[in-house]
Each structure stands twice: as structure tokens, then as C-alpha cells.
file start30.cif (mmCIF, C-alpha atoms)
data_upload
#
loop_
_atom_site.label_atom_id
_atom_site.label_comp_id
_atom_site.auth_asym_id
_atom_site.auth_seq_id
_atom_site.Cartn_x
_atom_site.Cartn_y
_atom_site.Cartn_z
CA MET B 1 0.00 0.00 0.00
CA ALA B 2 1.29 3.38 -0.93
CA THR B 3 1.65 5.77 1.99
CA VAL B 4 0.89 9.49 1.96
CA GLU B 5 4.64 10.01 1.86
CA ASP B 6 5.01 7.88 -1.30
CA ILE B 7 2.26 9.82 -3.03
CA TYR B 8 3.68 13.17 -1.99
CA ARG B 9 7.20 12.07 -3.01
CA LYS B 10 5.85 11.27 -6.45
CA HIS B 11 3.70 14.36 -6.93
CA LYS B 12 5.52 16.92 -4.78
CA PRO B 13 9.22 16.00 -4.96
CA ARG B 14 10.37 19.50 -4.00
CA ALA B 15 8.84 19.18 -0.53
CA PHE B 16 11.27 16.37 0.29
CA LYS B 17 14.60 18.02 -0.48
CA ALA B 18 15.58 18.27 3.20
CA ASP B 19 14.62 14.57 3.69
CA ARG B 20 14.30 14.77 7.46
CA ARG B 21 13.02 11.79 9.46
CA PRO B 22 10.89 12.24 12.60
CA SER B 23 12.03 10.84 15.94
CA ARG B 24 10.36 7.82 17.52
CA SER B 25 8.49 9.87 20.15
CA GLU B 26 7.31 12.24 17.42
CA VAL B 27 5.77 9.28 15.56
CA TRP B 28 3.93 8.27 18.76
CA TRP B 29 2.61 11.81 19.22
CA TRP B 30 1.47 11.77 15.57
CA PHE B 31 -0.38 8.51 16.29
CA PHE B 32 -1.83 9.91 19.54
CA MET B 33 -3.23 12.95 17.69
CA ARG B 34 -5.16 10.66 15.30
CA ILE B 35 -6.48 8.29 17.98
CA SER B 36 -7.39 11.03 20.47
CA GLY B 37 -8.88 13.03 17.57
CA ILE B 38 -11.28 10.24 16.60
CA ILE B 39 -12.34 9.70 20.24
CA LEU B 40 -12.66 13.47 20.85
CA VAL B 41 -15.01 13.91 17.88
CA PHE B 42 -17.58 11.83 19.78
CA LEU B 43 -16.80 13.07 23.31
CA VAL B 44 -16.73 16.77 22.38
CA LEU B 45 -19.85 16.64 20.20
CA ILE B 46 -21.76 14.84 23.00
CA HIS B 47 -20.43 17.43 25.50
CA LEU B 48 -21.52 20.35 23.29
CA TYR B 49 -24.92 18.76 22.62
CA VAL B 50 -25.64 18.12 26.30
CA MET B 51 -24.31 21.44 27.62
CA HIS B 52 -25.27 23.90 24.88
CA LEU B 53 -28.21 22.57 22.86
CA VAL B 54 -30.48 20.50 25.13
CA GLY B 55 -32.91 22.36 27.39
CA GLU B 56 -31.85 25.95 27.93
CA GLY B 57 -28.18 25.39 27.06
CA VAL B 58 -25.68 27.15 29.34
CA GLU B 59 -28.51 29.13 31.00
CA ARG B 60 -29.20 26.17 33.31
CA VAL B 61 -25.56 25.50 34.29
CA ASN B 62 -24.87 26.31 37.96
CA PHE B 63 -23.55 24.58 41.08
CA ALA B 64 -26.71 22.49 41.56
CA PHE B 65 -26.56 21.35 37.90
CA VAL B 66 -22.93 20.23 38.26
CA ALA B 67 -23.68 18.52 41.59
CA GLU B 68 -26.52 16.53 39.99
CA ARG B 69 -24.38 15.62 36.97
CA TRP B 70 -21.35 14.55 39.01
CA ASP B 71 -23.55 12.44 41.28
CA ASN B 72 -23.25 9.95 38.41
CA VAL B 73 -19.84 8.25 38.22
CA GLY B 74 -20.36 7.76 34.46
CA TRP B 75 -20.48 11.51 33.79
CA LYS B 76 -17.50 12.02 36.14
CA THR B 77 -15.50 9.50 34.10
CA PHE B 78 -16.73 11.04 30.84
CA ASP B 79 -15.63 14.52 31.93
CA TRP B 80 -12.24 13.29 33.16
CA VAL B 81 -11.46 11.37 29.95
CA LEU B 82 -12.56 14.45 27.98
CA LEU B 83 -10.26 16.63 30.12
CA VAL B 84 -7.21 14.39 29.65
CA LEU B 85 -7.62 13.77 25.91
CA ALA B 86 -8.58 17.36 25.02
CA LEU B 87 -5.78 18.92 27.09
CA LEU B 88 -3.09 16.57 25.71
CA HIS B 89 -4.40 16.89 22.12
CA GLY B 90 -4.54 20.69 22.38
CA SER B 91 -1.20 21.17 24.13
CA ASN B 92 0.57 18.85 21.69
CA GLY B 93 -0.97 20.78 18.80
CA LEU B 94 0.24 24.06 20.29
CA ARG B 95 3.72 22.54 20.78
CA ILE B 96 3.88 21.79 17.05
CA ILE B 97 2.68 25.32 16.23
CA ILE B 98 5.37 26.79 18.53
CA ASP B 99 7.99 24.67 16.73
CA ASP B 100 6.75 26.14 13.44
CA TYR B 101 6.70 29.82 14.34
CA VAL B 102 9.31 30.44 17.06
CA ARG B 103 12.69 30.22 15.37
CA ARG B 104 15.08 31.30 18.16
CA ASP B 105 16.21 28.28 20.21
CA GLY B 106 16.21 29.90 23.67
CA VAL B 107 12.85 31.61 23.22
CA ARG B 108 11.30 28.41 21.83
CA THR B 109 12.56 26.34 24.78
CA ALA B 110 11.21 28.93 27.24
CA ILE B 111 7.76 29.09 25.61
CA LYS B 112 7.50 25.30 25.37
CA GLY B 113 8.59 24.99 29.00
CA ALA B 114 5.84 27.42 30.00
CA LEU B 115 3.32 25.41 27.95
CA TYR B 116 4.30 22.15 29.66
CA ALA B 117 4.06 23.81 33.08
CA VAL B 118 0.61 25.28 32.35
CA THR B 119 -0.61 21.94 30.95
CA THR B 120 0.60 20.08 34.06
CA VAL B 121 -1.04 22.58 36.42
CA LEU B 122 -4.35 22.49 34.50
CA MET B 123 -4.29 18.69 34.39
CA ILE B 124 -3.86 18.58 38.19
CA MET B 125 -6.55 21.26 38.75
CA GLY B 126 -9.09 19.50 36.52
CA THR B 127 -8.40 16.05 37.95
CA ALA B 128 -8.51 17.36 41.52
CA VAL B 129 -11.84 19.13 41.13
CA ILE B 130 -13.50 16.04 39.60
CA ALA B 131 -11.99 13.67 42.17
CA THR B 132 -12.63 15.75 45.31
CA PHE B 133 -15.94 17.46 44.38
CA ASP B 134 -18.15 17.81 47.46
CA PRO B 135 -21.87 18.40 46.67
CA SER B 136 -22.61 19.18 50.34
CA LEU B 137 -20.99 22.61 49.81
CA GLY B 138 -24.26 23.58 48.14
CA SER B 139 -26.53 22.79 51.09
CA MET S 1 -16.25 38.32 44.20
CA ILE S 2 -12.59 38.81 43.28
CA GLY S 3 -12.09 35.16 42.21
CA ALA S 4 -14.88 35.32 39.62
CA LYS S 5 -13.48 38.60 38.25
CA LEU S 6 -10.00 37.03 37.94
CA ILE S 7 -11.37 34.04 35.99
CA GLU S 8 -13.36 36.41 33.77
CA GLY S 9 -10.16 38.38 33.09
CA LEU S 10 -8.31 35.16 32.27
CA VAL S 11 -11.00 34.11 29.75
CA PHE S 12 -10.82 37.56 28.09
CA THR S 13 -7.00 37.50 27.96
CA LEU S 14 -6.98 34.03 26.37
CA THR S 15 -9.62 35.07 23.82
CA VAL S 16 -7.59 38.14 22.81
CA GLY S 17 -4.45 35.96 22.58
CA ALA S 18 -6.18 33.47 20.28
CA GLY S 19 -7.47 36.34 18.14
CA LEU S 20 -3.95 37.78 17.82
CA PHE S 21 -2.64 34.35 16.80
CA ALA S 22 -5.33 34.10 14.09
CA LEU S 23 -4.27 37.52 12.77
CA TYR S 24 -0.60 36.50 12.82
CA VAL S 25 -1.23 33.31 10.80
CA LEU S 26 -3.48 35.07 8.28
CA ILE S 27 -1.11 38.03 7.77
CA GLY S 28 1.74 35.54 7.24
CA LEU S 29 -0.27 33.69 4.60
CA PHE S 30 -1.27 36.84 2.74
CA ARG S 31 2.35 38.04 2.71
CA LEU S 32 3.45 34.62 1.46
CA ARG S 33 0.91 34.85 -1.35
CA LYS S 34 2.09 38.34 -2.27
CA ASP S 35 5.83 37.57 -2.25
CA GLN S 36 5.52 34.03 -3.68
CA LYS S 37 8.42 33.06 -1.43
CA GLY S 38 6.76 30.15 0.36
CA PRO S 39 8.36 26.73 0.07
CA ILE S 40 5.12 24.74 -0.28
CA TYR S 41 2.03 26.81 0.29
CA LYS S 42 0.96 29.09 -2.54
CA GLY S 43 -2.73 29.37 -1.89
CA GLY S 44 -5.57 27.04 -2.74
CA VAL S 45 -8.23 25.41 -0.60
CA GLY S 46 -5.72 23.02 1.04
CA GLN S 47 -3.73 25.92 2.49
CA TRP S 48 -6.81 27.73 3.80
CA THR S 49 -8.25 24.62 5.45
CA TRP S 50 -4.83 24.07 7.06
CA ALA S 51 -4.73 27.66 8.36
CA ALA S 52 -8.32 27.40 9.62
CA HIS S 53 -7.47 24.10 11.37
CA ARG S 54 -4.62 25.86 13.24
CA ILE S 55 -6.65 28.93 14.11
CA THR S 56 -9.70 26.97 15.33
CA GLY S 57 -7.38 24.61 17.23
CA VAL S 58 -5.66 27.45 19.10
CA GLY S 59 -9.02 29.15 19.72
CA ILE S 60 -10.55 25.98 21.20
CA LEU S 61 -7.43 25.36 23.33
CA ALA S 62 -7.54 28.95 24.63
CA PHE S 63 -11.13 28.41 25.72
CA LEU S 64 -10.27 24.99 27.18
CA PHE S 65 -7.60 26.60 29.41
CA GLY S 66 -10.14 29.10 30.73
CA HIS S 67 -12.85 26.44 30.99
CA ILE S 68 -10.70 24.17 33.20
CA VAL S 69 -10.05 27.11 35.54
CA ASP S 70 -13.75 28.09 35.70
CA THR S 71 -14.71 24.45 36.40
CA PHE S 72 -12.06 24.40 39.17
CA ALA S 73 -14.16 27.09 40.85
CA VAL S 74 -16.95 24.52 41.43
CA GLY S 75 -14.75 22.97 44.14
CA PHE S 76 -15.11 26.15 46.22
CA GLY S 77 -18.88 26.02 46.52
CA PRO S 78 -21.92 27.55 44.81
CA GLU S 79 -21.22 31.21 45.60
CA LEU S 80 -18.00 31.45 43.58
CA TYR S 81 -19.04 29.03 40.81
CA ASN S 82 -22.45 30.57 40.12
CA GLU S 83 -20.92 34.03 39.84
CA THR S 84 -18.15 32.69 37.56
CA VAL S 85 -20.46 30.97 35.05
CA GLU S 86 -22.64 34.09 35.00
CA LEU S 87 -20.12 35.35 32.41
CA TYR S 88 -21.26 32.71 29.89
CA LYS S 89 -24.92 33.69 30.36
CA GLN S 90 -24.47 37.34 29.37
CA TRP S 91 -26.31 38.17 26.15
CA TRP S 92 -23.12 39.51 24.51
CA PHE S 93 -21.31 36.22 25.12
CA ALA S 94 -23.74 34.26 22.89
CA PRO S 95 -22.02 35.08 19.54
CA GLY S 96 -18.70 33.94 21.04
CA GLU S 97 -20.32 30.71 22.22
CA VAL S 98 -21.74 30.07 18.72
CA LEU S 99 -18.33 30.82 17.17
CA LEU S 100 -16.72 28.35 19.57
CA ILE S 101 -19.20 25.60 18.57
CA GLY S 102 -18.59 26.41 14.89
CA ALA S 103 -14.82 26.23 15.38
CA THR S 104 -15.19 22.86 17.12
CA ILE S 105 -17.41 21.40 14.36
CA TYR S 106 -14.96 22.63 11.71
CA HIS S 107 -11.90 21.30 13.58
CA ALA S 108 -13.62 17.91 14.09
CA PHE S 109 -14.66 17.49 10.44
CA ASN S 110 -11.34 18.74 9.08
CA GLY S 111 -9.50 16.45 11.50
CA VAL S 112 -11.49 13.44 10.29
CA ARG S 113 -10.56 14.40 6.70
CA ILE S 114 -6.86 14.47 7.63
CA ILE S 115 -7.14 11.08 9.36
CA LEU S 116 -8.86 9.60 6.28
CA PHE S 117 -5.92 10.75 4.13
CA ASP S 118 -3.47 9.23 6.61
CA PHE S 119 -5.09 5.80 6.64
CA TRP S 120 -6.29 5.70 3.00
CA PRO S 121 -3.52 7.71 1.31
CA ALA S 122 -4.84 7.40 -2.24
CA MET S 123 -7.66 9.74 -1.18
CA ALA S 124 -5.09 12.54 -0.83
CA LEU S 125 -4.88 12.76 -4.62
CA LYS S 126 -8.48 14.02 -4.57
CA GLN S 127 -7.78 16.36 -1.63
CA LYS S 128 -9.48 19.40 -3.20
CA THR S 129 -12.78 17.56 -3.67
CA PHE S 130 -12.66 16.25 -0.11
CA ALA S 131 -11.88 19.74 1.19
CA TYR S 132 -14.96 21.20 -0.51
CA VAL S 133 -17.17 18.30 0.64
CA GLN S 134 -15.92 18.84 4.19
CA ILE S 135 -16.62 22.59 4.06
CA VAL S 136 -20.18 21.90 2.86
CA LEU S 137 -20.71 19.31 5.64
CA THR S 138 -19.39 21.78 8.23
CA VAL S 139 -21.83 24.47 7.07
CA VAL S 140 -24.75 22.00 6.95
CA ALA S 141 -24.03 20.89 10.54
CA PHE S 142 -23.31 24.38 11.85
CA VAL S 143 -26.25 26.41 10.49
CA PRO S 144 -29.07 24.64 12.39
CA VAL S 145 -26.97 24.61 15.58
CA ALA S 146 -26.30 28.35 15.23
CA VAL S 147 -29.98 29.06 14.59
CA ILE S 148 -31.09 27.10 17.68
CA MET S 149 -28.43 28.66 19.93
CA LEU S 150 -28.91 32.23 18.72
CA GLY S 151 -32.69 31.78 19.07
CA ASN S 152 -32.17 30.61 22.68
CA ALA S 153 -29.85 33.55 23.36
CA TRP S 154 -32.32 36.01 21.81
CA GLU S 155 -35.12 34.81 24.11
CA HIS S 156 -32.88 35.37 27.17
CA SER S 157 -31.50 38.70 25.95
CA PRO S 158 -32.86 42.05 27.18
CA PHE S 159 -33.96 42.94 23.62
CA SER S 160 -36.76 40.38 23.14
#

call {"tool": "encode", "arguments": {"input": "start30.cif", "output": "C-alpha cells"}}
result
Amino acid sequence: MATVEDIYRKHKPRAFKADRRPSRSEVWWWFFMRISGIILVFLVLIHLYVMHLVGEGVERVNFAFVAERWDNVGWKTFDWVLLVLALLHGSNGLRIIIDDYVRRDGVRTAIKGALYAVTTVLMIMGTAVIATFDPSLGS
Amino acid sequence: MIGAKLIEGLVFTLTVGAGLFALYVLIGLFRLRKDQKGPIYKGGVGQWTWAAHRITGVGILAFLFGHIVDTFAVGFGPELYNETVELYKQWWFAPGEVLLIGATIYHAFNGVRIILFDFWPAMALKQKTFAYVQIVLTVVAFVPVAVIMLGNAWEHSPFS
């Protein structure tokens, strides 16, 4: 089976002059983007449908609404999987964009370091709030 | 409450940042088209879908960052959380919400198109046709959603 690369080599030979090969981890991130992308299509569209289209949309979202939703361990799991996949998919995408646009080595390293730090903090914040949510705060 | 105001400020800052990024990418593309100096991209539907994929991706990620922080507020009880999500219920936020949904639908459909090319590479030879089909599908999915959401927002706005 011909790969995309074969086809592009045949039809767009100029794009391959540099002939660079990606690293092993880069191939895994490429694969992760496809797999998480397919799963996210379903998760995100369900999330948007439930939160923005059904009933009164975001008008009805408040503490009591979240407490009722997170009373169900299924929705808690759904939201956590959505958090992890969306945050990793988005941060990895932004990493690739930073690689494309920021040419100076030191600046690029600093910006990517900040991105990894922010991603880690947000991952911990999101996981913590789902895991430790206490509905009795509302009563 | 100061916490709610801080989260609101964060959401605004991220939105402005994503907007500036969109401008940066678009200006770069128009300059590339003018100078004809680009190595690969010289216009065409493939380039614009690529640029839109980047811009919508950064826009959605910017909102996701803010959205994780506003959801974190739910751990501090109803007073802080209810004031925080009040931002998303303002009538002037509705167009932004609709834009966000549109960006997500576009990014999802365009992403599926890219994945199809990756796993069935021969399709890439017909990439222009697929790009137009995908744009039509995005519009068909987005228009009814936008109508429903803007109708909802209109009913809750002070103008109706």
C-alpha cells in the first residue's frame, strides 16, 4: 500500500529536499493525535450537545446542575477522559505550532517549558476538582 | 467576588491571545501569497483549510484553558461558581459561544478528513474535492446549531 509520503514524493518531490526523518516519540505523538482526535469527535460533540443545545443550554448550568451531573460516576468519568484527551491533544498541537513559528532556540525552549508547566497545572486542577468534588458545599 | 473577576479576566485575555494568533497566521499567509516566497504553500483550498485548522485549534485550546479554571471554581462552593459561570450567560457572550461551537465542528470534520488521508492515502490525490465536501458538511451541521443557539440567546436577551 502506498503511503501518503510515497504519493507526496511522487507528486511533490520538491517538498522532500531536506529529507528529514521524525524521531520515535514524534511518531507516537502523531499517532496519539489521530487516535485522540477520533475519540474526541464523539466526546466533544456529546459534551456540546448536552451542555449547549439541550434544554436551555448554558442558562441552566450552575452549582446544583454540576452537583446533579457529578452524582453519576459515568459523567464524572466522561468529563475526566474528555479533560485528559482534550488537554493533551490541544497542548501537543500548540507545541507543534510553537515549533513552526518560534525560530530562536532559547525563546522556543522557554515558551514550550511554560506550555508544559501550564498543561501540568491544568491537568492537576481538573483532575482534583472532579476527584474531590463535594456536593454538600451547596446545602 | 474577586475570584470570579479574575477568571473572567483570564477568559478575556486568552480570547484576545487566540485572536492575535489568528491575525498572525493570516497576515503571514497573505504576505506569502504576495511575495511568492513560500516553500510549499501558494494558496488554494488546502492551504486555507490548514490555516483554519490551526486557528480553530488554538481558539478551542484557549477556551479549554479558561474552561478548566472556571470548572475548578466549582470545588469552592456555589457562591464562587455561580458568579463565575454568570459570564457565559451574558447576552453579549452568545455570539462567542456560537463561534466556539462552529470552530469545534470545523476542527472535528477537518480532523477526520486528515485522518482519512493518513489511513487511505490514495484519497489525498483528490484532496481538493474532499476539502470542498468537508466545508459543505461543516456548514450543513453548523447552520441549524447556530440558529437554535442564537434563538435561545435572543429569548434570554434584554432585547426580546

call {"tool": "resolve_selection", "arguments": {"input": "start30.cif", "expression": "the PyMOL selection byres ((chain B) within 6 of (chain S))", "output": "PDB file with C-alpha atoms, in the frame of the given file"}}
result
ATOM      1  CA  THR B   3       1.650   5.770   1.990  1.00  0.00           C
ATOM      2  CA  VAL B   4       0.890   9.490   1.960  1.00  0.00           C
ATOM      3  CA  VAL B  41     -15.010  13.910  17.880  1.00  0.00           C
ATOM      4  CA  GLU B  59     -28.510  29.130  31.000  1.00  0.00           C
ATOM      5  CA  ASN B  62     -24.870  26.310  37.960  1.00  0.00           C
ATOM      6  CA  PHE B  63     -23.550  24.580  41.080  1.00  0.00           C
ATOM      7  CA  GLY B  90      -4.540  20.690  22.380  1.00  0.00           C
ATOM      8  CA  GLY B 126      -9.090  19.500  36.520  1.00  0.00           C
ATOM      9  CA  VAL B 129     -11.840  19.130  41.130  1.00  0.00           C
ATOM     10  CA  PHE B 133     -15.940  17.460  44.380  1.00  0.00           C
ATOM     11  CA  LEU B 137     -20.990  22.610  49.810  1.00  0.00           C
ATOM     12  CA  GLY B 138     -24.260  23.580  48.140  1.00  0.00           C
TER      13      GLY B 138
END

call {"tool": "atom_distance", "arguments": {"input": "start30.cif", "atom1": "CA of Leu53 (chain B)", "atom2": "CA of Pro144 (chain S)"}}
result
10.7 Å

call {"tool": "atom_distance", "arguments": {"input": "start30.cif", "atom1": "CA of Gly96 (chain S)", "atom2": "CA of Thr15 (chain S)"}}
result
9.6 Å

call {"tool": "resolve_selection", "arguments": {"input": "start30.cif", "expression": "the PyMOL selection byres ((chain B and resi 107-121) around 10)", "output": "ChimeraX atom specification"}}
result
/B:87-88,90-92,94-96,98-106,122-127 /S:65

call {"tool": "atom_distance", "arguments": {"input": "start30.cif", "atom1": "CA of Val11 (chain S)", "atom2": "CA of Tyr106 (chain S)"}}
result
21.7 Å

call {"tool": "closest_residue", "arguments": {"input": "start30.cif", "among": "S:Ile2, S:Leu99, S:Leu14, S:Ile55", "to": "Leu26 (chain S)", "atoms": "only C-alpha atoms"}}
result
S:Ile55

call {"tool": "resolve_selection", "arguments": {"input": "start30.cif", "expression": "the PyMOL selection byres ((chain B and resi 70) around 12)", "output": "JSON, numbers by chain"}}
result
{"B": [63, 64, 65, 66, 67, 68, 69, 71, 72, 73, 74, 75, 76, 77, 78, 79, 80, 129, 130, 131, 132, 133, 134, 135], "S": [74, 75]}

call {"tool": "residues_around", "arguments": {"input": "start30.cif", "residues": "Ala51 (chain S)", "least_positions_apart": "6", "cutoff": "12 Å", "atoms": "only C-alpha atoms", "output": "list in words"}}
result
Ile97 of chain B; Phe21, Ala22, Leu23, Tyr24, Val25, Leu26, Ile27, Gly28, Leu29, Phe30, Tyr41, Gly43, Gly44, Val45, Gly57, Val58, Tyr106, His107 and Asn110 of chain S
